[in-house]
>>> print(open('input.cif').read())   # mmCIF, C-alpha atoms
data_final
loop_
_atom_site.label_atom_id
_atom_site.label_comp_id
_atom_site.auth_asym_id
_atom_site.auth_seq_id
_atom_site.Cartn_x
_atom_site.Cartn_y
_atom_site.Cartn_z
CA MET A 1 -18.70 -1.04 -22.33
CA THR A 2 -18.09 2.29 -24.06
CA ASP A 3 -17.27 5.43 -22.11
CA ILE A 4 -20.21 7.67 -21.24
CA GLU A 5 -19.94 11.46 -21.27
CA MET A 6 -20.48 12.43 -17.61
CA SER A 7 -20.00 16.20 -17.69
CA PHE A 8 -23.75 16.71 -17.29
CA LEU A 9 -23.38 15.43 -13.73
CA ASP A 10 -20.53 17.78 -12.80
CA ASP A 11 -22.93 20.02 -10.90
CA PRO A 12 -21.18 22.06 -8.14
CA ARG A 13 -23.94 21.13 -5.69
CA VAL A 14 -23.29 17.43 -6.30
CA LEU A 15 -19.51 17.76 -6.26
CA CYS A 16 -19.53 19.60 -2.92
CA GLU A 17 -21.60 16.77 -1.44
CA LEU A 18 -19.22 14.06 -2.61
CA PHE A 19 -15.79 15.71 -2.45
CA PRO A 20 -15.99 18.07 0.55
CA LEU A 21 -12.25 18.19 1.20
CA ALA A 22 -11.39 19.35 -2.30
CA TYR A 23 -14.12 21.99 -2.38
CA ALA A 24 -13.62 23.27 1.17
CA TYR A 25 -13.05 27.00 1.29
CA GLY A 26 -9.43 27.99 1.76
CA TYR A 27 -7.76 24.57 1.52
CA PRO A 28 -4.33 25.66 2.78
CA SER A 29 -1.53 25.63 0.21
CA ALA A 30 0.99 24.90 3.00
CA GLN A 31 -0.77 21.62 3.68
CA ARG A 32 -0.61 20.78 -0.01
CA GLU A 33 3.13 21.34 0.00
CA LEU A 34 3.45 19.11 3.07
CA HIS A 35 1.71 16.32 1.21
CA ARG A 36 3.88 16.76 -1.86
CA ALA A 37 7.02 16.37 0.23
CA HIS A 38 5.95 12.84 1.24
CA LEU A 39 4.74 11.46 -2.09
CA SER A 40 6.48 8.67 -3.97
CA SER A 41 5.70 10.11 -7.38
CA TYR A 42 3.00 11.61 -9.60
CA ILE A 43 0.66 10.13 -12.15
CA GLN A 44 0.06 12.07 -15.34
CA ALA A 45 -3.65 12.31 -16.11
CA GLU A 46 -5.00 12.43 -19.67
CA ASP A 47 -5.22 16.23 -19.60
CA GLY A 48 -1.79 16.72 -17.99
CA ALA A 49 -2.93 17.12 -14.36
CA ARG A 50 -0.63 15.56 -11.76
CA LEU A 51 -2.05 13.06 -9.27
CA GLY A 52 -0.06 12.38 -6.12
CA CYS A 53 0.55 8.78 -5.19
CA LYS A 54 2.58 6.70 -2.80
CA TYR A 55 3.47 3.03 -2.73
CA TRP A 56 4.66 0.79 0.03
CA VAL A 57 6.47 -2.41 -0.95
CA ARG A 58 7.40 -5.17 1.47
CA GLU A 59 8.60 -7.76 -1.02
CA LYS A 60 8.54 -7.81 -4.80
CA ASN A 61 6.90 -11.23 -5.02
CA LEU A 62 3.86 -10.17 -3.01
CA PRO A 63 0.53 -9.03 -4.52
CA THR A 64 -0.25 -5.33 -4.77
CA ILE A 65 -3.50 -3.47 -4.10
CA LEU A 66 -4.33 -0.33 -6.08
CA TYR A 67 -6.24 1.58 -3.40
CA PHE A 68 -8.72 4.47 -3.81
CA HIS A 69 -9.39 6.13 -0.44
CA GLY A 70 -12.44 7.73 1.16
CA ASN A 71 -13.51 11.33 0.62
CA GLY A 72 -12.20 12.60 3.96
CA GLU A 73 -8.77 11.04 3.50
CA THR A 74 -5.53 11.57 1.62
CA VAL A 75 -2.51 9.45 0.75
CA LEU A 76 -0.74 10.58 3.92
CA ASP A 77 -3.48 9.06 6.06
CA TYR A 78 -2.20 5.69 4.88
CA GLU A 79 1.22 6.15 6.45
CA TRP A 80 -0.22 4.43 9.54
CA VAL A 81 -2.51 2.05 7.63
CA ALA A 82 0.03 0.75 5.12
CA PRO A 83 2.10 -1.20 7.71
CA VAL A 84 -0.97 -3.33 8.46
CA TYR A 85 -1.19 -4.33 4.79
CA LEU A 86 2.55 -4.99 4.64
CA GLU A 87 2.34 -7.23 7.71
CA GLN A 88 -0.33 -9.26 5.92
CA GLY A 89 1.91 -9.72 2.88
CA ILE A 90 0.34 -7.08 0.64
CA ASN A 91 2.05 -4.19 -1.15
CA LEU A 92 -0.03 -1.01 -1.30
CA PHE A 93 -0.35 1.71 -3.98
CA VAL A 94 -2.57 4.66 -2.97
CA VAL A 95 -3.63 7.54 -5.22
CA ASP A 96 -5.07 10.96 -4.31
CA TYR A 97 -7.99 12.41 -6.26
CA ARG A 98 -7.63 15.84 -7.83
CA GLY A 99 -7.69 18.54 -5.18
CA TYR A 100 -6.69 16.06 -2.45
CA GLY A 101 -3.27 15.91 -0.83
CA GLY A 102 -0.66 16.94 -3.37
CA SER A 103 -2.78 16.46 -6.50
CA ASP A 104 -3.63 19.24 -8.93
CA GLY A 105 -7.05 20.63 -9.77
CA GLU A 106 -10.50 19.68 -8.51
CA PRO A 107 -12.37 16.37 -8.80
CA THR A 108 -15.37 15.89 -11.07
CA PHE A 109 -17.18 12.72 -12.05
CA THR A 110 -15.62 12.97 -15.49
CA ASN A 111 -12.02 13.15 -14.35
CA VAL A 112 -12.41 10.74 -11.42
CA LEU A 113 -13.31 7.99 -13.89
CA SER A 114 -10.57 8.79 -16.40
CA ASP A 115 -8.00 9.32 -13.60
CA ALA A 116 -8.85 5.91 -12.17
CA ARG A 117 -7.89 4.25 -15.44
CA ALA A 118 -4.73 6.37 -15.59
CA ALA A 119 -3.84 5.23 -12.06
CA PHE A 120 -4.12 1.59 -13.07
CA MET A 121 -1.90 2.15 -16.11
CA ALA A 122 0.65 3.92 -13.88
CA LEU A 123 0.67 1.02 -11.42
CA ARG A 124 1.17 -1.41 -14.28
CA GLN A 125 4.26 0.59 -15.28
CA VAL A 126 5.58 0.50 -11.70
CA VAL A 127 5.04 -3.26 -11.55
CA HIS A 128 7.04 -3.70 -14.77
CA ARG A 129 9.77 -1.22 -13.87
CA GLU A 130 10.32 -2.48 -10.31
CA GLY A 131 9.93 -6.16 -11.14
CA LEU A 132 6.93 -6.61 -8.84
CA SER A 133 4.55 -9.53 -8.93
CA PRO A 134 1.86 -9.13 -11.64
CA SER A 135 -0.77 -10.12 -9.05
CA VAL A 136 -2.75 -6.89 -8.68
CA PHE A 137 -6.07 -6.19 -6.97
CA VAL A 138 -8.13 -2.99 -6.96
CA MET A 139 -9.79 -1.72 -3.78
CA GLY A 140 -12.04 1.25 -3.06
CA ARG A 141 -13.23 2.64 0.25
CA SER A 142 -16.43 4.73 0.38
CA ILE A 143 -16.19 7.26 -2.50
CA GLY A 144 -13.25 5.17 -3.70
CA SER A 145 -15.75 2.50 -4.72
CA ILE A 146 -16.54 4.61 -7.82
CA PRO A 147 -13.01 4.59 -9.32
CA ALA A 148 -12.43 1.01 -8.10
CA CYS A 149 -15.48 -0.31 -9.95
CA GLU A 150 -14.44 1.65 -13.02
CA VAL A 151 -11.01 0.01 -13.00
CA ALA A 152 -12.52 -3.42 -12.35
CA LEU A 153 -14.88 -3.01 -15.29
CA HIS A 154 -12.24 -1.92 -17.81
CA HIS A 155 -9.23 -3.93 -16.63
CA GLN A 156 -10.58 -7.13 -15.05
CA ARG A 157 -8.46 -9.33 -17.35
CA GLU A 158 -5.37 -7.84 -15.71
CA LEU A 159 -6.67 -8.02 -12.13
CA CYS A 160 -6.85 -10.83 -9.60
CA GLY A 161 -9.88 -9.39 -7.83
CA VAL A 162 -11.83 -6.35 -6.63
CA ILE A 163 -12.44 -5.29 -3.00
CA ILE A 164 -15.06 -2.73 -1.99
CA GLU A 165 -15.11 -1.41 1.59
CA SER A 166 -18.08 0.68 2.77
CA GLY A 167 -18.90 1.22 -0.88
CA ALA A 168 -21.95 2.57 -2.67
CA ALA A 169 -24.12 0.47 -4.95
CA ASN A 170 -25.92 3.58 -6.22
CA ASN A 171 -22.97 6.00 -6.24
CA PHE A 172 -24.32 7.98 -3.28
CA ARG A 173 -27.41 8.86 -5.28
CA TYR A 174 -29.38 9.29 -2.05
CA ARG A 175 -27.24 12.38 -1.33
CA TRP A 176 -27.64 14.12 -4.69
CA ASP A 177 -30.87 12.67 -6.08
CA ARG A 178 -32.66 16.04 -5.93
CA TYR A 179 -30.13 17.40 -8.44
CA ARG A 180 -30.20 14.35 -10.68
CA PRO A 181 -30.62 15.07 -14.42
CA ASP A 182 -33.25 13.11 -16.33
CA ARG A 183 -30.82 10.49 -17.63
CA ASP A 184 -32.06 7.11 -16.47
CA ASP A 185 -29.88 5.41 -19.08
CA VAL A 186 -26.89 6.57 -17.01
CA LEU A 187 -28.27 7.25 -13.52
CA GLY A 188 -31.36 5.05 -13.21
CA ASP A 189 -31.45 1.70 -11.42
CA ASP A 190 -29.98 0.06 -14.52
CA GLY A 191 -27.86 3.07 -15.45
CA VAL A 192 -24.33 2.35 -16.66
CA PHE A 193 -22.75 4.82 -14.20
CA LEU A 194 -23.81 2.95 -11.06
CA ASN A 195 -21.33 0.68 -9.29
CA LYS A 196 -23.87 -2.12 -8.93
CA VAL A 197 -24.49 -2.11 -12.68
CA LYS A 198 -20.76 -2.20 -13.46
CA LEU A 199 -20.32 -5.19 -11.16
CA ARG A 200 -22.86 -7.09 -13.25
CA SER A 201 -20.14 -7.25 -15.91
CA VAL A 202 -17.23 -8.00 -13.56
CA THR A 203 -16.53 -11.70 -13.11
CA ILE A 204 -13.23 -11.66 -11.19
CA PRO A 205 -13.28 -12.59 -7.47
CA THR A 206 -15.16 -9.91 -5.55
CA LEU A 207 -15.07 -9.07 -1.84
CA ILE A 208 -17.59 -6.63 -0.34
CA ILE A 209 -16.81 -5.36 3.19
CA HIS A 210 -19.45 -3.32 5.01
CA GLY A 211 -20.38 -2.45 8.57
CA ARG A 212 -23.90 -3.40 9.56
CA ARG A 213 -24.37 -0.10 11.41
CA ASP A 214 -22.59 2.17 8.96
CA SER A 215 -24.17 5.61 9.48
CA ILE A 216 -22.72 7.17 6.29
CA VAL A 217 -23.19 4.47 3.67
CA PRO A 218 -26.09 2.18 4.66
CA PHE A 219 -25.41 -1.55 4.92
CA THR A 220 -28.09 -2.10 2.28
CA GLU A 221 -25.70 -0.56 -0.26
CA GLY A 222 -23.19 -3.31 0.45
CA GLU A 223 -25.92 -5.93 0.12
CA GLU A 224 -26.90 -4.49 -3.27
CA LEU A 225 -23.30 -4.59 -4.48
CA TYR A 226 -23.03 -8.22 -3.46
CA ALA A 227 -26.37 -9.16 -5.04
CA ASN A 228 -25.41 -7.55 -8.35
CA ALA A 229 -21.84 -8.87 -8.54
CA ALA A 230 -21.51 -11.31 -11.43
CA ALA A 231 -18.53 -13.15 -9.92
CA THR A 232 -19.10 -16.75 -8.93
CA ASP A 233 -16.34 -16.30 -6.35
CA LYS A 234 -17.79 -13.50 -4.25
CA ARG A 235 -18.18 -12.77 -0.56
CA LEU A 236 -20.02 -10.22 1.59
CA LEU A 237 -18.08 -9.63 4.80
CA ALA A 238 -20.61 -8.03 7.14
CA LEU A 239 -18.90 -6.40 10.10
CA PRO A 240 -20.86 -6.03 13.37
CA GLY A 241 -20.97 -2.37 14.33
#
>>> encode(input="input.cif", output="structure tokens")
Amino acid sequence: MTDIEMSFLDDPRVLCELFPLAYAYGYPSAQRELHRAHLSSYIQAEDGARLGCKYWVREKNLPTILYFHGNGETVLDYEWVAPVYLEQGINLFVVDYRGYGGSDGEPTFTNVLSDARAAFMALRQVVHREGLSPSVFVMGRSIGSIPACEVALHHQRELCGVIIESGAANNFRYRWDRYRPDRDDVLGDDGVFLNKVKLRSVTIPTLIIHGRRDSIVPFTEGEELYANAAATDKRLLALPG
């Protein structure tokens, strides 16, 4: 699938809805410096912006998850989450979006998609440099489902599977539909931007995790992702509550 120019959707009203942390007034520079002090390294985006990232490795022969977090989180929030993954025999590589944690700039739909692909390429370099297992999965939580599906679509031959937690089938369209441009080829029910449409072309093992009573991203979004996933090896893990 060819890349689609998404700058027409980089409307400030939409971006404030989806990336509230990055567009919050007066995001303190001191907090940004705190984040930068705890990062493992930076990823260089296509336009030169630096994206903060951190990786936790238990053993080199274990699989690694490239993880895209939710919109109210940063890499540092995974200091307490990462040990759970390590205990389960999974190495973890987490990346901050632009304007989050120690990353430069501000997120837009355009750069979130291109940065996601840059993050995968950076992880691939880490795997090679550090001699890690080539078994790599991509995972996205909430807003992270957008970059995760993008990586799954473009790099599925190099991935063992895709995991979506509390993800959006329709890219949170219910929150910004009133601002939606008249571009059904990109944003309509069969539009190429939507996560559910991308998963129609992704055949690697797919796990969808969603809470039945999720008050932010409705459970029906998880059901739509599962229904549209092309993988024969797929599972919807519906969590009570």
>>> closest_residue(input="input.cif", among="A:Leu51, A:Met139, A:Leu39, A:Ile146", to="Ile209 (chain A)", atoms="only C-alpha atoms")
A:Met139
>>> closest_atom_pairs(input="input.cif", of="region 71-166 of chain A", to="region 198-202 of chain A", cutoff="12 Å", atoms="only C-alpha atoms", output="CSV")
residue,atom,partner,partner_atom,distance
A:Ser145,CA,A:Leu199,CA,11.0
A:Ile146,CA,A:Lys198,CA,9.8
A:Pro147,CA,A:Lys198,CA,11.1
A:Ala148,CA,A:Lys198,CA,10.4
A:Cys149,CA,A:Lys198,CA,6.6
A:Glu150,CA,A:Lys198,CA,7.4
A:Val151,CA,A:Lys198,CA,10.0
A:Ala152,CA,A:Val202,CA,6.7
A:Leu153,CA,A:Val202,CA,5.8
A:His154,CA,A:Val202,CA,8.9
A:His155,CA,A:Val202,CA,9.5
A:Gln156,CA,A:Val202,CA,6.9
A:Arg157,CA,A:Val202,CA,9.6
A:Leu159,CA,A:Val202,CA,10.7
A:Cys160,CA,A:Val202,CA,11.5
A:Gly161,CA,A:Val202,CA,9.4
A:Val162,CA,A:Val202,CA,8.9
A:Ile163,CA,A:Leu199,CA,11.3
A:Ile164,CA,A:Leu199,CA,10.9
>>> residues_around(input="input.cif", residues="Arg98 (chain A)", least_positions_apart="2", cutoff="9 Å", atoms="all atoms listed in the file", output="MDAnalysis selection string")
chainID A and resid 22 49:52 96 100:108 111:112 115
>>> closest_residue(input="input.cif", among="A:Tyr85, A:Glu5, A:Ser133, A:Phe109", to="Asn61 (chain A)", atoms="only C-alpha atoms")
A:Ser133
>>> residues_around(input="input.cif", residues="Pro63 (chain A)", least_positions_apart="5", cutoff="9 Å", atoms="all atoms listed in the file", output="list in words")
Gly89, Ile90, Asn91, Leu92, Leu132, Ser133, Pro134, Ser135, Val136 and Phe137 of chain A
>>> atom_distance(input="input.cif", atom1="CA of Pro12 (chain A)", atom2="CA of His69 (chain A)")
21.3 Å
>>> resolve_selection(input="input.cif", expression="the PyMOL selection byres ((chain A and resi 17) around 12)", output="list in words")
Asp10, Asp11, Pro12, Arg13, Val14, Leu15, Cys16, Leu18, Phe19, Pro20, Leu21, Ala22, Tyr23, Ala24, Asn71, Gly72, Pro107, Thr108, Ile143, Asn171, Phe172, Arg173, Tyr174, Arg175, Trp176, Asp177, Arg178 and Tyr179 of chain A
>>> atom_distance(input="input.cif", atom1="CA of Val186 (chain A)", atom2="CA of Glu224 (chain A)")
17.6 Å
>>> atom_distance(input="input.cif", atom1="CA of Ala37 (chain A)", atom2="CA of Tyr78 (chain A)")
14.9 Å
>>> closest_residue(input="input.cif", among="A:Ala238, A:Ile216, A:Leu113, A:Leu187", to="Gly70 (chain A)", atoms="all atoms listed in the file")
A:Ile216
>>> closest_residue(input="input.cif", among="A:Cys53, A:Arg32, A:Ser7, A:Leu123", to="Glu79 (chain A)", atoms="only C-alpha atoms")
A:Cys53
>>> closest_residue(input="input.cif", among="A:Leu62, A:Ala116, A:Met6, A:Val57", to="Phe93 (chain A)", atoms="only C-alpha atoms")
A:Val57
>>> closest_residue(input="input.cif", among="A:Asn170, A:Thr232, A:Thr203, A:Ser142", to="Ser215 (chain A)", atoms="all atoms listed in the file")
A:Ser142
